[in-house]
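Inspection log for the structure reproduced underneath, given as structure tokens.
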Amino acid sequence: MGVQGCSSSGGTTTALGQRRGGEGEAIKRRSATLTCYLATELDSISYTCTSATMTTQKRRLKVALFGLGRLGVIRAKVLAFQQPRVELVAVCDPKPGSEKWPAENLPSDVKFFADPTECLVHGGAEAVLISTATATHAPLIMQALDLGLHVMCEKPISIDLDTTVEVLAKAATRPDVVFLIPFNRRYDDSYNTTKQFIESGALGDVHAVETSCLDPQDPTGYFVSYSPMSGGIFLDMGIHDIDIGRGLLDVKSGLANPKKQVNRVIGFGQQAVYGELAKYGDCDNAWGIVEFANGKIMTTHCGRTLTNGYEGQSRVLGTKGHCVVNGNSSRHRVEMHDVYGVRTFSNPDPFVLYEKSFINDITDFVEGVLDGKPLVCDAQDAYEAAKICNALQYSFRKGQPVYFDDEGYPIMDAK
């Protein structure tokens, strides 16, 4: 590489000094040449690295968000302000007046659509995040896949297992498209640490998992009116616990028949506060027991009647020890000591407890699309969790256990 523009000066004037000065001059020239060469190389490397960084940063995933409800607005803020590799190009919500929130809270260049099809076709997105009512998930996923858009959709895919199978079949025809159904506990640091303990052998043989997911009471009664569309408490709420239980228990291992992961389930429930749920075949507190085909057991409690906030806890039982995740579920590490005694502060809802998860799962999706990285959550896992939750809801309604056949499907009456 050329070193033009570099020069050196110096040297002595005595006879002996001329020789030594000449040698010194030559050394100085070589040193100056080397310094200039290195500087030029470093400049080149710096320019190359900067160019590569600029190229990487320049590639941002254009995303359209569907749904601006309680979770949707959280997603919108993350997409717009906490994901440097995402460009939120459009949001969509058909509810009257929905255009007000994005106009006041999102960048002005984010387009608003009231019509989902218009947003899919003209939103300028290459990927969608679906955070709408459960009944709309499957139709939106299918439309997006037909258009070749990458899809991230909140759980569940559908309240109906047959529809879920249709969606998975459609996704299988589009291997060029990334399809993610995220479960927030899989993106939570505490659960990932627990998984590391399991894999290291620190807990010995992990044989059972107990979970609880308890929401605060809702004075508006929204979830009561939403119950007919939600699929029931097990599918709407308990599916997160069922999914993480499956993951922690490694239910795909030790199977004589790989298709059959579950032997049987049984569900119980009560309307402790919201009696009107009975007419929808639903409850505000539910307990489920799952016997997996590899002999491991899971129990879960879902509730919507707490008065102190949100609590979500898991206990992982092993032969050498056990882990308790979110044992206190406190909002922070502060204790209040006053005339009432000593107390901690509860999380108001799961969106606070799992705040980082709602950033991490979008990162997973973006890296899957832009970098080709494997996803943390597999769509088949969403299907397996949905089968269990449907069976638990059915069991609660019918008052009987549900067995799974050799194809891994719950045996339930169509009626």
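Ordered as shown in the structure tokens, chains take letters A, B, and onward, while each chain numbers its residues from 1 and ligands are numbered from 1 in the order shown.
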Write down as a CSV table (one decimal) with N, CA, C and O atoms, in the first residue's frame the residues belonging to segment 83-298 of chain A that are assigned strand (DSSP E or B) by DSSP computed on the backbone.
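Heads up, here's the output in out-v7.csv:
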```csv
chain,number,residue,atom,x,y,z
A,86,VAL,N,-35.6,-2.6,14.2
A,86,VAL,CA,-37.0,-2.7,13.7
A,86,VAL,C,-37.4,-1.3,13.3
A,86,VAL,O,-37.1,-0.3,13.9
A,87,GLU,N,-38.2,-1.2,12.2
A,87,GLU,CA,-38.8,0.0,11.8
A,87,GLU,C,-40.3,-0.2,11.8
A,87,GLU,O,-40.8,-1.0,11.0
A,88,LEU,N,-41.0,0.4,12.8
A,88,LEU,CA,-42.4,0.2,12.8
A,88,LEU,C,-43.1,1.1,11.8
A,88,LEU,O,-43.0,2.3,11.9
A,89,VAL,N,-43.6,0.5,10.8
A,89,VAL,CA,-44.2,1.3,9.6
A,89,VAL,C,-45.7,1.5,9.7
A,89,VAL,O,-46.2,2.4,9.1
A,90,ALA,N,-46.4,0.6,10.4
A,90,ALA,CA,-47.8,0.7,10.4
A,90,ALA,C,-48.4,0.1,11.7
A,90,ALA,O,-47.8,-0.9,12.2
A,91,VAL,N,-49.6,0.6,12.1
A,91,VAL,CA,-50.3,-0.1,13.2
A,91,VAL,C,-51.8,-0.2,12.7
A,91,VAL,O,-52.2,0.7,11.9
A,92,CYS,N,-52.5,-1.1,13.2
A,92,CYS,CA,-53.9,-1.4,12.8
A,92,CYS,C,-54.8,-1.8,13.9
A,92,CYS,O,-54.4,-2.6,14.7
A,111,LYS,N,-47.9,4.7,10.0
A,111,LYS,CA,-49.2,4.8,9.3
A,111,LYS,C,-50.2,4.1,10.2
A,111,LYS,O,-49.9,3.0,10.7
A,112,PHE,N,-51.4,4.6,10.2
A,112,PHE,CA,-52.5,4.0,10.9
A,112,PHE,C,-53.6,3.4,9.9
A,112,PHE,O,-53.9,4.1,9.0
A,113,PHE,N,-54.0,2.2,10.2
A,113,PHE,CA,-55.1,1.6,9.4
A,113,PHE,C,-56.2,1.1,10.3
A,113,PHE,O,-55.9,0.5,11.3
A,127,ALA,N,-43.0,-7.8,7.7
A,127,ALA,CA,-43.3,-8.7,8.8
A,127,ALA,C,-44.5,-8.1,9.6
A,127,ALA,O,-44.7,-6.9,9.6
A,128,VAL,N,-45.2,-9.0,10.3
A,128,VAL,CA,-46.3,-8.5,11.1
A,128,VAL,C,-46.2,-9.1,12.5
A,128,VAL,O,-45.7,-10.2,12.7
A,129,LEU,N,-46.7,-8.3,13.5
A,129,LEU,CA,-46.9,-8.8,14.9
A,129,LEU,C,-48.3,-8.7,15.2
A,129,LEU,O,-48.9,-7.6,15.2
A,130,ILE,N,-49.0,-9.8,15.5
A,130,ILE,CA,-50.4,-9.9,15.7
A,130,ILE,C,-50.7,-9.9,17.2
A,130,ILE,O,-50.3,-10.9,17.9
A,150,HIS,N,-43.5,-12.3,7.1
A,150,HIS,CA,-43.0,-13.0,8.3
A,150,HIS,C,-44.0,-12.7,9.4
A,150,HIS,O,-44.6,-11.6,9.5
A,151,VAL,N,-44.3,-13.7,10.3
A,151,VAL,CA,-45.4,-13.6,11.3
A,151,VAL,C,-44.9,-13.9,12.7
A,151,VAL,O,-44.3,-14.9,12.9
A,152,MET,N,-45.2,-13.0,13.6
A,152,MET,CA,-45.1,-13.2,15.0
A,152,MET,C,-46.5,-12.9,15.6
A,152,MET,O,-47.1,-11.9,15.3
A,153,CYS,N,-47.1,-13.9,16.3
A,153,CYS,CA,-48.5,-13.8,16.8
A,153,CYS,C,-48.5,-14.2,18.2
A,153,CYS,O,-47.9,-15.2,18.6
A,179,PHE,N,-42.1,-17.9,11.3
A,179,PHE,CA,-43.4,-17.9,12.0
A,179,PHE,C,-43.1,-18.2,13.5
A,179,PHE,O,-42.6,-19.2,13.8
A,180,LEU,N,-43.4,-17.2,14.3
A,180,LEU,CA,-43.2,-17.4,15.8
A,180,LEU,C,-44.4,-17.1,16.6
A,180,LEU,O,-45.1,-16.2,16.4
A,206,VAL,N,-35.2,-34.3,37.3
A,206,VAL,CA,-36.4,-33.4,37.5
A,206,VAL,C,-37.7,-34.2,37.1
A,206,VAL,O,-37.8,-34.7,36.0
A,207,HIS,N,-38.5,-34.4,38.1
A,207,HIS,CA,-39.7,-35.3,37.9
A,207,HIS,C,-41.0,-34.6,38.0
A,207,HIS,O,-42.1,-35.2,37.6
A,208,ALA,N,-41.1,-33.3,38.4
A,208,ALA,CA,-42.4,-32.6,38.5
A,208,ALA,C,-42.2,-31.1,38.5
A,208,ALA,O,-41.1,-30.6,38.9
A,209,VAL,N,-43.2,-30.4,38.0
A,209,VAL,CA,-43.3,-29.0,38.0
A,209,VAL,C,-44.6,-28.5,38.6
A,209,VAL,O,-45.7,-29.1,38.2
A,210,GLU,N,-44.6,-27.5,39.4
A,210,GLU,CA,-45.8,-26.9,40.0
A,210,GLU,C,-45.8,-25.4,39.6
A,210,GLU,O,-44.8,-24.8,39.8
A,211,THR,N,-46.9,-24.9,39.0
A,211,THR,CA,-46.9,-23.5,38.6
A,211,THR,C,-48.2,-22.9,39.1
A,211,THR,O,-49.2,-23.5,39.4
A,212,SER,N,-48.2,-21.5,39.2
A,212,SER,CA,-49.3,-20.8,39.5
A,212,SER,C,-49.2,-19.4,38.7
A,212,SER,O,-48.2,-18.9,38.6
A,213,CYS,N,-50.4,-19.0,38.3
A,213,CYS,CA,-50.5,-17.8,37.5
A,213,CYS,C,-51.8,-17.1,38.0
A,213,CYS,O,-52.9,-17.5,37.6
A,214,LEU,N,-51.6,-16.0,38.8
A,214,LEU,CA,-52.7,-15.4,39.5
A,214,LEU,C,-52.9,-13.9,39.1
A,214,LEU,O,-52.0,-13.1,39.5
A,215,ASP,N,-53.9,-13.6,38.5
A,215,ASP,CA,-54.2,-12.2,38.1
A,215,ASP,C,-55.0,-11.5,39.2
A,215,ASP,O,-55.7,-12.1,40.0
A,216,PRO,N,-54.9,-10.2,39.2
A,216,PRO,CA,-55.8,-9.4,40.2
A,216,PRO,C,-57.2,-9.4,39.7
A,216,PRO,O,-57.5,-9.6,38.5
A,262,VAL,N,-48.5,-37.1,26.2
A,262,VAL,CA,-49.4,-37.0,27.4
A,262,VAL,C,-50.2,-38.2,27.5
A,262,VAL,O,-50.7,-38.8,26.5
A,263,ASN,N,-50.3,-38.7,28.8
A,263,ASN,CA,-51.2,-39.9,29.0
A,263,ASN,C,-52.6,-39.4,29.3
A,263,ASN,O,-53.6,-39.8,28.7
A,264,ARG,N,-52.7,-38.4,30.3
A,264,ARG,CA,-54.1,-38.0,30.7
A,264,ARG,C,-53.9,-36.6,31.4
A,264,ARG,O,-52.9,-36.3,31.9
A,265,VAL,N,-55.1,-35.9,31.4
A,265,VAL,CA,-55.1,-34.7,32.2
A,265,VAL,C,-56.5,-34.6,32.9
A,265,VAL,O,-57.4,-35.3,32.5
A,266,ILE,N,-56.5,-33.8,34.0
A,266,ILE,CA,-57.8,-33.6,34.6
A,266,ILE,C,-57.8,-32.1,35.1
A,266,ILE,O,-56.8,-31.6,35.6
A,267,GLY,N,-58.9,-31.5,34.9
A,267,GLY,CA,-59.1,-30.1,35.3
A,267,GLY,C,-60.2,-29.8,36.3
A,267,GLY,O,-61.3,-30.5,36.2
A,268,PHE,N,-60.0,-28.9,37.2
A,268,PHE,CA,-61.0,-28.5,38.1
A,268,PHE,C,-61.2,-27.0,38.1
A,268,PHE,O,-60.2,-26.3,37.8
A,269,GLY,N,-62.3,-26.5,38.5
A,269,GLY,CA,-62.5,-25.1,38.6
A,269,GLY,C,-63.6,-24.6,39.4
A,269,GLY,O,-64.5,-25.4,39.9
A,270,GLN,N,-63.7,-23.3,39.7
A,270,GLN,CA,-64.7,-22.7,40.5
A,270,GLN,C,-64.9,-21.3,40.1
A,270,GLN,O,-64.0,-20.6,39.6
A,285,ASN,N,-61.0,-19.5,38.9
A,285,ASN,CA,-59.9,-20.2,39.5
A,285,ASN,C,-59.9,-21.6,38.9
A,285,ASN,O,-61.0,-22.3,38.9
A,286,ALA,N,-58.8,-22.1,38.4
A,286,ALA,CA,-58.8,-23.4,37.8
A,286,ALA,C,-57.5,-24.2,38.2
A,286,ALA,O,-56.4,-23.5,38.3
A,287,TRP,N,-57.6,-25.5,38.4
A,287,TRP,CA,-56.4,-26.3,38.7
A,287,TRP,C,-56.4,-27.4,37.7
A,287,TRP,O,-57.4,-28.0,37.3
A,288,GLY,N,-55.2,-27.7,37.2
A,288,GLY,CA,-55.0,-28.8,36.3
A,288,GLY,C,-53.8,-29.7,36.6
A,288,GLY,O,-52.8,-29.2,37.2
A,289,ILE,N,-54.0,-31.0,36.4
A,289,ILE,CA,-53.0,-32.0,36.6
A,289,ILE,C,-52.7,-32.6,35.2
A,289,ILE,O,-53.6,-33.1,34.6
A,290,VAL,N,-51.4,-32.7,34.9
A,290,VAL,CA,-51.0,-33.3,33.6
A,290,VAL,C,-50.1,-34.5,33.9
A,290,VAL,O,-49.0,-34.3,34.6
A,291,GLU,N,-50.4,-35.7,33.4
A,291,GLU,CA,-49.5,-36.8,33.5
A,291,GLU,C,-48.9,-37.0,32.1
A,291,GLU,O,-49.6,-37.4,31.2
A,292,PHE,N,-47.6,-36.7,32.0
A,292,PHE,CA,-46.9,-36.9,30.7
A,292,PHE,C,-46.5,-38.4,30.5
A,292,PHE,O,-46.4,-39.2,31.4
A,297,ILE,N,-44.9,-35.3,36.0
A,297,ILE,CA,-46.2,-34.7,36.4
A,297,ILE,C,-46.1,-33.2,36.5
A,297,ILE,O,-45.0,-32.6,36.9
A,298,MET,N,-47.1,-32.5,36.1
A,298,MET,CA,-47.3,-31.1,36.2
A,298,MET,C,-48.6,-30.7,36.8
A,298,MET,O,-49.6,-31.3,36.5
```
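Taking atom CA of Tyr409 of chain A and atom CA of Thr132 of chain A as endpoints, the distance between them is 27.4 Å.
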Residue nearest Cys377 of chain A - candidates A:Gly72, A:Cys119, A:Ile244, A:Val316, atoms counted: only C-alpha atoms: A:Ile244
Between A:Lys62, A:Arg85, A:Lys77, A:Arg174, smallest distance to Thr363 of chain A by only C-alpha atoms belongs to A:Arg85
Shortest interatomic distance to Leu353 of chain A - which of A:Ser190, A:Cys323, A:Gly221, A:Gly399, counting only C-alpha atoms: A:Ser190
Helix (DSSP H, G or I) positions in segment 58-285 of chain A, given as number ranges by chain: A: 58, 70-81, 100-105, 116-122, 134-146, 161-172, 184-187, 189-200, 222-230, 233-249, 275-280
Who sits within 12 Å of Glu367 of chain A, only C-alpha atoms, same chain under 3 positions skipped, as a list in words: Arg59, Arg60, Leu61, Gln83, Pro84, Arg85, Val86, His150, Val178, Leu180, Asn360, Asp361, Ile362, Thr363, Asp364, Leu370, Asp371, Gly372, Lys373, Pro374, Leu375 and Val376 of chain A
Write out the residues from the selection above, keeping N, CA, C and O atoms, as a short mmCIF file (atom, residue, chain, number, x, y, z; two decimals), in the first residue's frame.
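Output saved as selection-v8.cif:
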```
data_model
loop_
_atom_site.label_atom_id
_atom_site.label_comp_id
_atom_site.auth_asym_id
_atom_site.auth_seq_id
_atom_site.Cartn_x
_atom_site.Cartn_y
_atom_site.Cartn_z
N ARG A 59 -29.97 -2.18 7.73
CA ARG A 59 -30.99 -3.20 7.48
C ARG A 59 -31.88 -3.32 8.69
O ARG A 59 -31.52 -3.87 9.72
N ARG A 60 -33.06 -2.76 8.59
CA ARG A 60 -34.05 -2.83 9.66
C ARG A 60 -35.29 -3.54 9.15
O ARG A 60 -35.65 -3.40 7.98
N LEU A 61 -35.90 -4.29 10.02
CA LEU A 61 -37.09 -5.06 9.65
C LEU A 61 -38.32 -4.16 9.72
O LEU A 61 -38.63 -3.59 10.77
N GLN A 83 -36.26 -1.29 19.91
CA GLN A 83 -35.72 -2.27 18.98
C GLN A 83 -35.02 -1.56 17.82
O GLN A 83 -35.63 -1.20 16.83
N PRO A 84 -33.70 -1.34 17.94
CA PRO A 84 -32.98 -0.59 16.91
C PRO A 84 -32.98 -1.24 15.53
O PRO A 84 -32.74 -0.57 14.53
N ARG A 85 -33.26 -2.54 15.47
CA ARG A 85 -33.27 -3.23 14.18
C ARG A 85 -34.68 -3.37 13.61
O ARG A 85 -34.90 -4.13 12.68
N VAL A 86 -35.61 -2.63 14.19
CA VAL A 86 -37.00 -2.65 13.72
C VAL A 86 -37.42 -1.26 13.28
O VAL A 86 -37.10 -0.26 13.93
N HIS A 150 -43.46 -12.31 7.11
CA HIS A 150 -43.04 -13.01 8.32
C HIS A 150 -44.05 -12.71 9.42
O HIS A 150 -44.58 -11.60 9.50
N VAL A 178 -40.61 -16.69 8.37
CA VAL A 178 -40.41 -16.97 9.79
C VAL A 178 -41.75 -16.85 10.50
O VAL A 178 -42.49 -15.88 10.33
N LEU A 180 -43.45 -17.24 14.33
CA LEU A 180 -43.16 -17.35 15.76
C LEU A 180 -44.41 -17.14 16.60
O LEU A 180 -45.14 -16.16 16.43
N ASN A 360 -37.29 -9.29 24.61
CA ASN A 360 -36.48 -10.42 24.16
C ASN A 360 -37.14 -11.24 23.06
O ASN A 360 -36.47 -11.74 22.15
N ASP A 361 -38.47 -11.41 23.14
CA ASP A 361 -39.11 -12.25 22.11
C ASP A 361 -39.13 -11.55 20.75
O ASP A 361 -39.01 -12.20 19.70
N ILE A 362 -39.25 -10.23 20.75
CA ILE A 362 -39.19 -9.50 19.48
C ILE A 362 -37.78 -9.58 18.90
O ILE A 362 -37.59 -9.74 17.69
N THR A 363 -36.77 -9.49 19.77
CA THR A 363 -35.38 -9.65 19.32
C THR A 363 -35.19 -11.01 18.68
O THR A 363 -34.53 -11.14 17.63
N ASP A 364 -35.75 -12.04 19.29
CA ASP A 364 -35.67 -13.40 18.75
C ASP A 364 -36.28 -13.44 17.34
O ASP A 364 -35.70 -14.03 16.42
N LEU A 370 -33.74 -11.53 10.04
CA LEU A 370 -32.59 -10.84 9.45
C LEU A 370 -31.31 -11.67 9.45
O LEU A 370 -30.49 -11.54 8.54
N ASP A 371 -31.13 -12.53 10.46
CA ASP A 371 -29.88 -13.27 10.60
C ASP A 371 -30.03 -14.77 10.37
O ASP A 371 -29.03 -15.49 10.37
N GLY A 372 -31.27 -15.23 10.21
CA GLY A 372 -31.49 -16.66 10.01
C GLY A 372 -31.25 -17.51 11.24
O GLY A 372 -31.03 -18.71 11.14
N LYS A 373 -31.30 -16.91 12.43
CA LYS A 373 -31.07 -17.67 13.67
C LYS A 373 -32.29 -18.53 14.00
O LYS A 373 -33.42 -18.14 13.72
N PRO A 374 -32.06 -19.68 14.63
CA PRO A 374 -33.20 -20.51 15.06
C PRO A 374 -33.99 -19.81 16.15
O PRO A 374 -33.43 -19.09 16.97
N LEU A 375 -35.30 -20.04 16.17
CA LEU A 375 -36.17 -19.38 17.14
C LEU A 375 -36.18 -20.13 18.47
O LEU A 375 -35.98 -21.34 18.52
N VAL A 376 -36.40 -19.39 19.54
CA VAL A 376 -36.50 -19.99 20.87
C VAL A 376 -37.75 -20.87 20.96
O VAL A 376 -37.72 -21.95 21.53
#
```
So how many Å separate atom CA of Ala135 of chain A and atom CA of Ile157 of chain A, to one decimal? 8.8 Å
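Distance check against Asn326 of chain A using only C-alpha atoms: of A:Ser346, A:Thr307, A:Gln393, A:Asn294, the minimum falls on A:Ser346.
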